[in-house]
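Have a look at work.cif; it's mmCIF, C-alpha atoms:
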```cif
data_start
loop_
_atom_site.label_atom_id
_atom_site.label_comp_id
_atom_site.auth_asym_id
_atom_site.auth_seq_id
_atom_site.Cartn_x
_atom_site.Cartn_y
_atom_site.Cartn_z
CA MET A 1 -136.11 71.68 169.31
CA ASP A 2 -136.69 75.25 168.22
CA ALA A 3 -135.67 77.88 170.77
CA ARG A 4 -138.99 79.66 170.15
CA SER A 5 -141.11 76.62 170.98
CA ALA A 6 -144.31 77.51 172.79
CA HIS A 7 -143.93 74.34 174.89
CA PRO A 8 -140.21 73.70 175.53
CA ALA A 9 -140.70 71.40 178.53
CA GLU A 10 -143.08 69.17 176.58
CA ALA A 11 -140.80 69.22 173.53
CA TRP A 12 -137.82 68.08 175.62
CA ALA A 13 -139.96 65.39 177.25
CA LEU A 14 -140.94 64.10 173.79
CA LEU A 15 -137.31 64.06 172.62
CA ARG A 16 -136.20 62.18 175.75
CA TRP A 17 -139.03 59.66 175.27
CA LEU A 18 -138.16 59.12 171.58
CA HIS A 19 -134.49 58.49 172.43
CA SER A 20 -135.02 56.34 175.55
CA PRO A 21 -135.10 52.53 175.41
CA GLN A 22 -138.63 51.14 175.01
CA GLY A 23 -137.83 48.58 177.70
CA GLU A 24 -134.95 46.72 179.31
CA GLY A 25 -132.51 45.68 176.57
CA GLN A 26 -134.62 47.29 173.82
CA ARG A 27 -133.88 50.12 171.42
CA SER A 28 -135.45 53.56 171.51
CA TYR A 29 -138.10 54.52 168.96
CA VAL A 30 -135.49 56.53 167.05
CA GLY A 31 -133.11 53.56 167.27
CA ASP A 32 -135.76 51.32 165.69
CA MET A 33 -136.32 53.89 162.97
CA LEU A 34 -132.59 54.00 162.18
CA VAL A 35 -131.57 50.36 162.65
CA SER A 36 -134.54 48.78 160.83
CA PRO A 37 -133.40 49.97 157.37
CA GLY A 38 -129.72 49.28 158.21
CA SER A 39 -128.48 52.62 159.54
CA LEU A 40 -126.32 53.13 162.60
CA THR A 41 -127.09 55.09 165.73
CA ALA A 42 -124.66 56.56 168.24
CA ASN A 43 -127.12 56.06 171.12
CA LYS A 44 -125.29 53.75 173.55
CA ALA A 45 -128.47 51.98 174.67
CA ASP A 46 -129.47 51.40 171.04
CA LEU A 47 -126.01 50.01 170.23
CA ALA A 48 -126.19 47.64 173.19
CA ALA A 49 -129.66 46.47 172.17
CA SER A 50 -128.59 45.95 168.55
CA GLN A 51 -125.71 43.48 168.93
CA ALA A 52 -127.37 40.99 166.57
CA ASP A 53 -127.83 43.69 163.93
CA PHE A 54 -124.32 45.13 164.17
CA GLY A 55 -122.15 42.04 164.69
CA ASP A 56 -121.14 41.43 161.08
CA THR A 57 -117.56 42.06 159.95
CA PHE A 58 -118.55 45.06 157.82
CA THR A 59 -120.53 46.95 160.49
CA ALA A 60 -118.54 46.03 163.62
CA PRO A 61 -115.65 48.51 163.01
CA PHE A 62 -118.12 51.38 162.58
CA VAL A 63 -119.91 50.44 165.79
CA GLU A 64 -116.59 50.26 167.64
CA ALA A 65 -115.70 53.75 166.37
CA LEU A 66 -119.02 55.04 167.73
CA ARG A 67 -118.55 53.31 171.08
CA SER A 68 -114.99 54.56 171.51
CA ARG A 69 -115.95 58.10 170.44
CA ARG A 70 -113.42 58.03 167.60
CA ALA A 71 -116.25 58.69 165.14
CA VAL A 72 -116.96 62.37 164.67
CA SER A 73 -119.59 64.13 162.62
CA ASP A 74 -118.96 66.71 159.94
CA PRO A 75 -118.08 70.12 161.30
CA ASN A 76 -121.05 72.40 161.73
CA VAL A 77 -120.08 75.10 159.23
CA ALA A 78 -122.18 76.69 156.52
CA GLN A 79 -119.84 75.47 153.76
CA THR A 80 -119.76 71.78 154.77
CA ALA A 81 -121.67 70.59 151.70
CA GLU A 82 -119.52 72.64 149.35
CA VAL A 83 -116.29 71.46 151.04
CA ASP A 84 -117.48 67.88 150.62
CA ARG A 85 -118.24 68.50 146.92
CA VAL A 86 -114.78 69.99 146.29
CA LEU A 87 -113.01 67.16 148.08
CA ARG A 88 -114.96 64.44 146.26
CA LYS A 89 -114.35 66.11 142.89
CA GLN A 90 -110.59 66.25 143.44
CA ILE A 91 -110.48 62.64 144.68
CA GLU A 92 -112.29 61.61 141.50
CA GLU A 93 -109.80 63.58 139.37
CA ALA A 94 -106.94 61.64 140.99
CA TRP A 95 -108.74 58.28 140.68
CA LEU A 96 -109.37 58.88 137.00
CA GLY A 97 -105.75 59.84 136.41
CA ARG A 98 -106.57 63.37 135.26
CA MET A 99 -104.48 64.82 138.10
CA SER A 100 -101.75 63.45 140.28
CA PRO A 101 -102.83 62.78 143.86
CA ALA A 102 -100.53 65.57 145.08
CA ASP A 103 -101.96 68.08 142.59
CA ALA A 104 -105.55 67.07 143.36
CA LEU A 105 -104.90 67.44 147.08
CA ALA A 106 -103.26 70.84 146.59
CA LYS A 107 -106.18 72.04 144.47
CA ALA A 108 -108.70 70.77 147.01
CA ASP A 109 -106.77 72.46 149.81
CA ALA A 110 -106.74 75.80 147.98
CA GLU A 111 -110.44 75.66 147.10
CA ILE A 112 -111.46 74.56 150.61
CA THR A 113 -109.32 77.28 152.20
CA ASP A 114 -111.11 79.86 150.03
CA LEU A 115 -114.51 78.43 150.98
CA LEU A 116 -113.76 78.47 154.69
CA ALA A 117 -112.64 82.11 154.45
CA LEU A 118 -116.15 83.12 153.38
CA PRO A 119 -118.31 84.72 156.06
CA GLN A 120 -120.66 82.32 157.82
#
```
Just dump the structure as structure tokens.
Amino acid sequence: MDARSAHPAEAWALLRWLHSPQGEGQRSYVGDMLVSPGSLTANKADLAASQADFGDTFTAPFVEALRSRRAVSDPNVAQTAEVDRVLRKQIEEAWLGRMSPADALAKADAEITDLLALPQ
């Protein structure tokens, strides 16, 4: 919600409604929106209501990481997308044999350090 909202109480009420279970043992509206196409949600009520959707051997470890709070999101820094691009590029260089893993990691570290030193 935007801090300058003309109706903050109503905005918070809408957000709570969207993220609350639609009924006993049911997902929230946002949970339905995420789970229907195959995405995960970290909403505990949505996870509990989605056992049938998340019980396969591929998805179960991700759900367990969410439940146990081991899963963390990307850091909230301005350079997150650029850091991700640098890291992926260097991983690809190592996979393709154009750099040793150690050299690719060192290059990624140097580039990411420079990016994080930029003002936010």
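The nearest approach to A:Glu92 among the residues A:Asp114, A:Leu105, A:Ser50, A:Thr80, with only C-alpha atoms taken into account, belongs to A:Leu105.
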Hey, what comes out of the PyMOL selection byres ((chain A and resi 23-36) around 10) on this file? Could you write it as a ChimeraX atom specification? /A:15-22,37-50,53-54
Evaluate the PyMOL selection byres ((chain A and resi 104) around 9) here and jot the selected residues down as a ChimeraX atom specification. /A:87,89-94,98-103,105-109
Here is a test: counting all atoms listed in the file, which residue of A:Pro119, A:Ala65, A:Arg4, A:Ala11 is nearest to A:Gln79?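 With all atoms listed in the file as the atom set, the closest residue is A:Pro119.
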Give the answer as one residue: which of A:Gly55, A:Arg67, A:Ile112, A:Leu118 has the shortest atom-to-atom distance to A:Arg88, using all atoms listed in the file?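 Nearest candidate to A:Arg88 out of A:Gly55, A:Arg67, A:Ile112, A:Leu118: A:Ile112.
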Quote the spacing between atom CA of A:Glu82 and atom CA of A:Ala110 in Å to one decimal place.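 Going from atom CA of A:Glu82 over to atom CA of A:Ala110 covers 13.2 Å.
If you look at atom CA of A:Leu14 and atom CA of A:Leu66, they are 24.5 Å away from each other.
Coordinates place atom CA of A:Asn76 at a distance of 14.0 Å from atom CA of A:Leu115.
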Out of A:Phe62, A:Ala13, A:Ser5, A:Leu116, which residue has the shortest atom-to-atom distance to A:Asp84 when counting all atoms listed in the file?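 Closest to A:Asp84 of all the choices is A:Leu116.
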Can you take the partial stretch 29-60 of chain A, add N, CA and C atoms, and return it as an mmCIF file, keeping the file's coordinate frame?
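Dumped to selection.cif:
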```
data_model
loop_
_atom_site.group_PDB
_atom_site.id
_atom_site.type_symbol
_atom_site.label_atom_id
_atom_site.label_comp_id
_atom_site.auth_asym_id
_atom_site.auth_seq_id
_atom_site.Cartn_x
_atom_site.Cartn_y
_atom_site.Cartn_z
ATOM 1 N N TYR A 29 -137.290 54.412 170.177
ATOM 2 C CA TYR A 29 -138.100 54.520 168.960
ATOM 3 C C TYR A 29 -137.239 55.047 167.805
ATOM 4 N N VAL A 30 -136.386 56.010 168.093
ATOM 5 C CA VAL A 30 -135.490 56.530 167.050
ATOM 6 C C VAL A 30 -134.503 55.448 166.636
ATOM 7 N N GLY A 31 -134.007 54.671 167.602
ATOM 8 C CA GLY A 31 -133.110 53.560 167.270
ATOM 9 C C GLY A 31 -133.764 52.571 166.335
ATOM 10 N N ASP A 32 -135.024 52.217 166.598
ATOM 11 C CA ASP A 32 -135.760 51.320 165.690
ATOM 12 C C ASP A 32 -135.859 51.922 164.300
ATOM 13 N N MET A 33 -136.168 53.219 164.259
ATOM 14 C CA MET A 33 -136.320 53.890 162.970
ATOM 15 C C MET A 33 -135.011 53.858 162.174
ATOM 16 N N LEU A 34 -133.877 53.999 162.861
ATOM 17 C CA LEU A 34 -132.590 54.000 162.180
ATOM 18 C C LEU A 34 -132.079 52.602 161.857
ATOM 19 N N VAL A 35 -132.168 51.695 162.811
ATOM 20 C CA VAL A 35 -131.570 50.360 162.650
ATOM 21 C C VAL A 35 -132.380 49.493 161.690
ATOM 22 N N SER A 36 -133.699 49.632 161.682
ATOM 23 C CA SER A 36 -134.540 48.780 160.830
ATOM 24 C C SER A 36 -134.124 48.797 159.357
ATOM 25 N N PRO A 37 -133.834 49.977 158.771
ATOM 26 C CA PRO A 37 -133.400 49.970 157.370
ATOM 27 C C PRO A 37 -131.900 49.749 157.194
ATOM 28 N N GLY A 38 -131.146 49.577 158.318
ATOM 29 C CA GLY A 38 -129.720 49.280 158.210
ATOM 30 C C GLY A 38 -128.796 50.423 158.578
ATOM 31 N N SER A 39 -129.322 51.497 159.131
ATOM 32 C CA SER A 39 -128.480 52.620 159.540
ATOM 33 C C SER A 39 -127.916 52.397 160.933
ATOM 34 N N LEU A 40 -126.914 53.189 161.274
ATOM 35 C CA LEU A 40 -126.320 53.130 162.600
ATOM 36 C C LEU A 40 -126.857 54.249 163.470
ATOM 37 N N THR A 41 -126.756 54.067 164.752
ATOM 38 C CA THR A 41 -127.090 55.090 165.730
ATOM 39 C C THR A 41 -125.943 55.192 166.712
ATOM 40 N N ALA A 42 -125.716 56.391 167.239
ATOM 41 C CA ALA A 42 -124.660 56.560 168.240
ATOM 42 C C ALA A 42 -125.213 56.454 169.656
ATOM 43 N N ASN A 43 -126.499 56.213 169.805
ATOM 44 C CA ASN A 43 -127.120 56.060 171.120
ATOM 45 C C ASN A 43 -126.592 54.775 171.756
ATOM 46 N N LYS A 44 -125.932 54.908 172.921
ATOM 47 C CA LYS A 44 -125.290 53.750 173.550
ATOM 48 C C LYS A 44 -126.279 52.636 173.873
ATOM 49 N N ALA A 45 -127.468 53.001 174.353
ATOM 50 C CA ALA A 45 -128.470 51.980 174.670
ATOM 51 C C ALA A 45 -128.924 51.269 173.397
ATOM 52 N N ASP A 46 -129.075 52.014 172.313
ATOM 53 C CA ASP A 46 -129.470 51.400 171.040
ATOM 54 C C ASP A 46 -128.381 50.474 170.519
ATOM 55 N N LEU A 47 -127.120 50.877 170.652
ATOM 56 C CA LEU A 47 -126.010 50.010 170.230
ATOM 57 C C LEU A 47 -126.006 48.717 171.029
ATOM 58 N N ALA A 48 -126.188 48.839 172.337
ATOM 59 C CA ALA A 48 -126.190 47.640 173.190
ATOM 60 C C ALA A 48 -127.339 46.716 172.840
ATOM 61 N N ALA A 49 -128.481 47.280 172.487
ATOM 62 C CA ALA A 49 -129.660 46.470 172.170
ATOM 63 C C ALA A 49 -129.632 45.925 170.745
ATOM 64 N N SER A 50 -128.629 46.313 169.971
ATOM 65 C CA SER A 50 -128.590 45.950 168.550
ATOM 66 C C SER A 50 -127.413 45.059 168.205
ATOM 67 N N GLN A 51 -126.871 44.330 169.167
ATOM 68 C CA GLN A 51 -125.710 43.480 168.930
ATOM 69 C C GLN A 51 -125.920 42.530 167.747
ATOM 70 N N ALA A 52 -127.096 41.939 167.662
ATOM 71 C CA ALA A 52 -127.370 40.990 166.570
ATOM 72 C C ALA A 52 -127.359 41.685 165.216
ATOM 73 N N ASP A 53 -127.762 42.945 165.188
ATOM 74 C CA ASP A 53 -127.830 43.690 163.930
ATOM 75 C C ASP A 53 -126.459 44.212 163.493
ATOM 76 N N PHE A 54 -125.581 44.473 164.477
ATOM 77 C CA PHE A 54 -124.320 45.130 164.170
ATOM 78 C C PHE A 54 -123.101 44.228 164.338
ATOM 79 N N GLY A 55 -123.266 42.936 164.427
ATOM 80 C CA GLY A 55 -122.150 42.040 164.690
ATOM 81 C C GLY A 55 -121.384 41.571 163.474
ATOM 82 N N ASP A 56 -121.831 41.927 162.275
ATOM 83 C CA ASP A 56 -121.140 41.430 161.080
ATOM 84 C C ASP A 56 -119.796 42.136 160.897
ATOM 85 N N THR A 57 -118.927 41.542 160.103
ATOM 86 C CA THR A 57 -117.560 42.060 159.950
ATOM 87 C C THR A 57 -117.509 43.423 159.267
ATOM 88 N N PHE A 58 -118.529 43.757 158.480
ATOM 89 C CA PHE A 58 -118.550 45.060 157.820
ATOM 90 C C PHE A 58 -118.939 46.157 158.818
ATOM 91 N N THR A 59 -119.973 45.922 159.615
ATOM 92 C CA THR A 59 -120.530 46.950 160.490
ATOM 93 C C THR A 59 -119.766 47.092 161.799
ATOM 94 N N ALA A 60 -119.189 46.015 162.309
ATOM 95 C CA ALA A 60 -118.540 46.030 163.620
ATOM 96 C C ALA A 60 -117.499 47.150 163.789
#
```
